[in-house]
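*Asks:* Sharing a structure below in structure tokens format, with a few things to ask.
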Amino acid sequence: MSKSQPTRYRTTNWSSYNAALKKRGSLTVWFDPSMNWEGLPTGRRGRQPGYSDAAIQTCLTLKVLFGFALRQTTGFVESLLRLAGLAWSVPDFSTLSRRQKSLTVDIPYRGSEAPLHLLIDSTGIKVEGEGEWHRRKHGSSKRRIWRKLHIAIDEGSLEIRAVEITKNDVGDAPVLPMLLGQISDEEDIASVTADGAYDTRKSHEAIAERGTQAVIPPRKNAKPWSPTSAGAIARNETLRACRHLGRAIWRRWSGYHRRSRVETKMYCIKLLGQRLTARDFDRQITEVHIRVAILNRFTALGTPITQALA
């Protein structure tokens with residue numbers, strides 16, 4: 001039998017997408033001269049913050065985007081303010097480090113009028129330890145620390161709608177209810193797509209509680225569950241369909257192939273750095289949230305629209 005040729009696609013909005021790619025390199029996307037730079041009174045006793053959360057997030061965004069250290073970030077922002085003709089003071093590196101630990105990052109997203117099709121996946125990001133070449137050459141070091149990143153993206157807008165970061169001893173499935181909890185109850189979720197690592201009772205029950213469809217392939221040695229809940233009943237139907245149709249046909253029929261988009265988004269996150277620079281866990285959470293905010297801003301500028309060629 002002859003091998004089937006892969007489907008070819010054509011970008012239909014190349015002009016606007018090309019303009020969006022150019023905008024990603026513009027500093028005006030990340031820096032707004034009309035922002036509230038100075039801190040507002042908190043109404044509590046003690047010293048008031050000298051800089052707003054927006055100012056700290058702007059500095060940390062430039063740090064992550066260009067791979068600067070904290071001191072280099074302050075110098076870059078200072079020169080940027082001077083070129084813009086703004087007489088604003090710049091937070092020093094110790095202020096940025098201290099505020100990063102407790103900063104609540106504003107993650108932008110456009111939302112969707114249609115029900116969400118969530119795609120969920122997880123990956124590991126290195127914190128400490130040598131690279132792969134050093135490990136092969138000299139063996140693994142004593143300290144090789146990873147953090148586990150869990151995200152959920154909307155298939156329609158390709159924006160990251162939920163994010164969690166855990167230590168490497170936490171599995172994938174226990175985090176799924178927390179990801180769904182970050183989506184407002186007022187938003188409808190049409191489906192939740194994830195790989196076989198999320199084929200657990202807790203995951204299916206959390207999805208069933210939101211009244212949505214789970215697109216999760218059963219494990220290879222899966223057996224029917226006792227139909228005591230809506231999640232177990234839905235999972236048994238998926239298992240029955242896989243056995244009757246075959247896994248390949250079920251994947252095409254259910255649209256499971258859409259999960260590749262969340263894997264691409266994971267790759268984009270790692271393009272901003274293969275490791276986290278922060279050493280404190282709270283600061284690592286902020287650093288990951290900054291990356292998510294950057295990618296959502298990139299996505300909002302424009303994404304390619306493709307169609308299959310006949």
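Ordering of the structure tokens sets the chain letters (A, B, ...); residue numbers start at 1 within each chain; ligands are numbered from 1 in the order shown.
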How would you write, as a ChimeraX atom specification, the set of residues in range 40-206 of chain A that DSSP gives as alpha helix (DSSP H)?
*Replies:* /A:53-66,70-84,93-100,132-138,176-181,201-206
*Asks:* So how far away is CA of Glu263 in chain A from CA of Asp195 in chain A, in Å?
*Replies:*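 Spanning CA of Asp195 in chain A to CA of Glu263 in chain A is a straight-line distance of 11.0 Å.
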*Asks:* Find the nearest atom pair between each residue of range 19-83 of chain A and range 94-109 of chain A for residues within 9 Å, count only C-alpha atoms, give distances in Å to one decimal, sort rows by chain and ascending number, and present the table as a Markdown table.
*Replies:*
```
| residue | atom | partner | partner_atom | distance |
| --- | --- | --- | --- | --- |
| A:Asp53 | CA | A:Leu103 | CA | 6.9 |
| A:Ala54 | CA | A:Asp106 | CA | 8.2 |
| A:Ile56 | CA | A:Leu96 | CA | 6.6 |
| A:Gln57 | CA | A:Val105 | CA | 6.8 |
| A:Cys59 | CA | A:Leu96 | CA | 7.9 |
| A:Leu60 | CA | A:Leu96 | CA | 7.6 |
| A:Leu70 | CA | A:Leu96 | CA | 7.4 |
| A:Arg71 | CA | A:Ser94 | CA | 8.9 |
| A:Thr74 | CA | A:Leu96 | CA | 8.9 |
```
*Asks:* Based on the selection just made, write N, CA, C and O atoms of those residues as a PDB file, in the first residue's frame.
*Replies:*
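Once written, result_20.pdb looks like this:
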```pdb
ATOM      1  N   ASP A  53       2.057  47.792  41.028  1.00  0.00           N
ATOM      2  CA  ASP A  53       2.248  46.426  40.522  1.00  0.00           C
ATOM      3  C   ASP A  53       2.488  46.426  39.013  1.00  0.00           C
ATOM      4  O   ASP A  53       3.240  45.596  38.500  1.00  0.00           O
ATOM      5  N   ALA A  54       1.841  47.364  38.308  1.00  0.00           N
ATOM      6  CA  ALA A  54       2.042  47.449  36.862  1.00  0.00           C
ATOM      7  C   ALA A  54       3.485  47.801  36.526  1.00  0.00           C
ATOM      8  O   ALA A  54       4.051  47.287  35.552  1.00  0.00           O
ATOM      9  N   ILE A  56       6.180  47.117  38.405  1.00  0.00           N
ATOM     10  CA  ILE A  56       7.012  45.952  38.700  1.00  0.00           C
ATOM     11  C   ILE A  56       6.820  44.886  37.622  1.00  0.00           C
ATOM     12  O   ILE A  56       7.790  44.271  37.168  1.00  0.00           O
ATOM     13  N   GLN A  57       5.574  44.672  37.177  1.00  0.00           N
ATOM     14  CA  GLN A  57       5.328  43.666  36.145  1.00  0.00           C
ATOM     15  C   GLN A  57       5.981  44.066  34.830  1.00  0.00           C
ATOM     16  O   GLN A  57       6.499  43.208  34.106  1.00  0.00           O
ATOM     17  N   CYS A  59       8.764  45.820  34.452  1.00  0.00           N
ATOM     18  CA  CYS A  59      10.201  45.563  34.579  1.00  0.00           C
ATOM     19  C   CYS A  59      10.499  44.066  34.485  1.00  0.00           C
ATOM     20  O   CYS A  59      11.434  43.648  33.785  1.00  0.00           O
ATOM     21  N   LEU A  60       9.715  43.247  35.167  1.00  0.00           N
ATOM     22  CA  LEU A  60       9.947  41.802  35.143  1.00  0.00           C
ATOM     23  C   LEU A  60       9.630  41.216  33.773  1.00  0.00           C
ATOM     24  O   LEU A  60      10.249  40.230  33.349  1.00  0.00           O
ATOM     25  N   LEU A  70      18.639  41.000  37.034  1.00  0.00           N
ATOM     26  CA  LEU A  70      17.887  42.086  37.672  1.00  0.00           C
ATOM     27  C   LEU A  70      18.599  43.428  37.525  1.00  0.00           C
ATOM     28  O   LEU A  70      17.966  44.448  37.230  1.00  0.00           O
ATOM     29  N   ARG A  71      19.900  43.459  37.720  1.00  0.00           N
ATOM     30  CA  ARG A  71      20.620  44.727  37.588  1.00  0.00           C
ATOM     31  C   ARG A  71      20.589  45.224  36.137  1.00  0.00           C
ATOM     32  O   ARG A  71      20.455  46.427  35.895  1.00  0.00           O
ATOM     33  N   THR A  74      17.211  46.900  35.455  1.00  0.00           N
ATOM     34  CA  THR A  74      17.072  48.279  35.941  1.00  0.00           C
ATOM     35  C   THR A  74      17.773  49.257  35.006  1.00  0.00           C
ATOM     36  O   THR A  74      17.264  50.354  34.734  1.00  0.00           O
TER      37      THR A  74
END
```
*Asks:* Dump as JSON lines the rows for residues of range 34-120 of chain A within 12 Å of range 213-234 of chain A: closest atom pair and distance in Å with one decimal, only C-alpha atoms counted, ordered by chain and rising residue number.
*Replies:*
```
{"residue": "A:Pro115", "atom": "CA", "partner": "A:Gln213", "partner_atom": "CA", "distance": 11.6}
{"residue": "A:Leu116", "atom": "CA", "partner": "A:Gln213", "partner_atom": "CA", "distance": 11.1}
{"residue": "A:His117", "atom": "CA", "partner": "A:Gln213", "partner_atom": "CA", "distance": 9.4}
{"residue": "A:Leu118", "atom": "CA", "partner": "A:Ala214", "partner_atom": "CA", "distance": 9.8}
{"residue": "A:Leu119", "atom": "CA", "partner": "A:Val215", "partner_atom": "CA", "distance": 9.4}
{"residue": "A:Ile120", "atom": "CA", "partner": "A:Ile216", "partner_atom": "CA", "distance": 10.3}
```
*Asks:* Please produce a file of the residues just selected, as an mmCIF file, in the first residue's frame, where the atoms kept are all heavy atoms.
*Replies:*
```
data_model
loop_
_atom_site.group_PDB
_atom_site.id
_atom_site.type_symbol
_atom_site.label_atom_id
_atom_site.label_comp_id
_atom_site.auth_asym_id
_atom_site.auth_seq_id
_atom_site.Cartn_x
_atom_site.Cartn_y
_atom_site.Cartn_z
ATOM 1 N N PRO A 115 -18.471 28.424 23.718
ATOM 2 C CA PRO A 115 -17.961 27.588 24.811
ATOM 3 C C PRO A 115 -16.500 27.214 24.576
ATOM 4 O O PRO A 115 -16.057 27.034 23.440
ATOM 5 C CB PRO A 115 -18.880 26.357 24.772
ATOM 6 C CG PRO A 115 -20.138 26.844 24.141
ATOM 7 C CD PRO A 115 -19.721 27.886 23.144
ATOM 8 N N LEU A 116 -15.751 27.104 25.663
ATOM 9 C CA LEU A 116 -14.321 26.838 25.587
ATOM 10 C C LEU A 116 -14.051 25.364 25.302
ATOM 11 O O LEU A 116 -14.727 24.484 25.832
ATOM 12 C CB LEU A 116 -13.638 27.232 26.895
ATOM 13 C CG LEU A 116 -13.800 28.674 27.369
ATOM 14 C CD1 LEU A 116 -13.105 28.861 28.700
ATOM 15 C CD2 LEU A 116 -13.259 29.649 26.342
ATOM 16 N N HIS A 117 -13.065 25.123 24.477
ATOM 17 C CA HIS A 117 -12.510 23.791 24.285
ATOM 18 C C HIS A 117 -11.113 23.816 24.905
ATOM 19 O O HIS A 117 -10.165 24.295 24.285
ATOM 20 C CB HIS A 117 -12.449 23.424 22.799
ATOM 21 C CG HIS A 117 -13.783 23.203 22.177
ATOM 22 N ND1 HIS A 117 -14.429 21.984 22.199
ATOM 23 C CD2 HIS A 117 -14.608 24.058 21.520
ATOM 24 C CE1 HIS A 117 -15.592 22.091 21.580
ATOM 25 N NE2 HIS A 117 -15.732 23.339 21.156
ATOM 26 N N LEU A 118 -11.006 23.322 26.123
ATOM 27 C CA LEU A 118 -9.753 23.402 26.867
ATOM 28 C C LEU A 118 -8.839 22.244 26.492
ATOM 29 O O LEU A 118 -9.269 21.091 26.421
ATOM 30 C CB LEU A 118 -10.018 23.389 28.371
ATOM 31 C CG LEU A 118 -10.754 24.601 28.949
ATOM 32 C CD1 LEU A 118 -10.908 24.446 30.442
ATOM 33 C CD2 LEU A 118 -10.008 25.893 28.631
ATOM 34 N N LEU A 119 -7.566 22.563 26.274
ATOM 35 C CA LEU A 119 -6.526 21.580 26.005
ATOM 36 C C LEU A 119 -5.524 21.656 27.141
ATOM 37 O O LEU A 119 -4.986 22.736 27.428
ATOM 38 C CB LEU A 119 -5.838 21.874 24.666
ATOM 39 C CG LEU A 119 -6.772 22.148 23.475
ATOM 40 C CD1 LEU A 119 -5.955 22.516 22.241
ATOM 41 C CD2 LEU A 119 -7.660 20.938 23.196
ATOM 42 N N ILE A 120 -5.260 20.538 27.800
ATOM 43 C CA ILE A 120 -4.474 20.521 29.031
ATOM 44 C C ILE A 120 -3.241 19.650 28.839
ATOM 45 O O ILE A 120 -3.303 18.579 28.231
ATOM 46 C CB ILE A 120 -5.326 20.001 30.216
ATOM 47 C CG1 ILE A 120 -6.469 20.975 30.497
ATOM 48 C CG2 ILE A 120 -4.480 19.801 31.463
ATOM 49 C CD1 ILE A 120 -7.391 20.546 31.604
#
```
*Asks:* Pick out each residue of range 195-307 of chain A that DSSP on the backbone tags as strand (DSSP E or B); I need them as a list in words.
*Replies:*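 Strand (DSSP E or B) assignments inside range 195-307 of chain A correspond to Gln213, Ala214, Val215, Arg275, Thr306 and Gln307 of chain A.
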*Asks:* Looking at only C-alpha atoms, which of A:Ala190, A:Ile207, A:Ile160, A:Ala293 is the one that sits closest to Met178 in chain A?
*Replies:*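 Closest to Met178 in chain A of all the choices is A:Ile207.
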*Asks:* Compare A:Val127, A:Ala19, A:Val90, A:Leu179 by their minimum atom-to-atom distance to Ala152 in chain A, counting only C-alpha atoms, and give me the closest one.
*Replies:*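 Closest to Ala152 in chain A of all the choices is A:Leu179.
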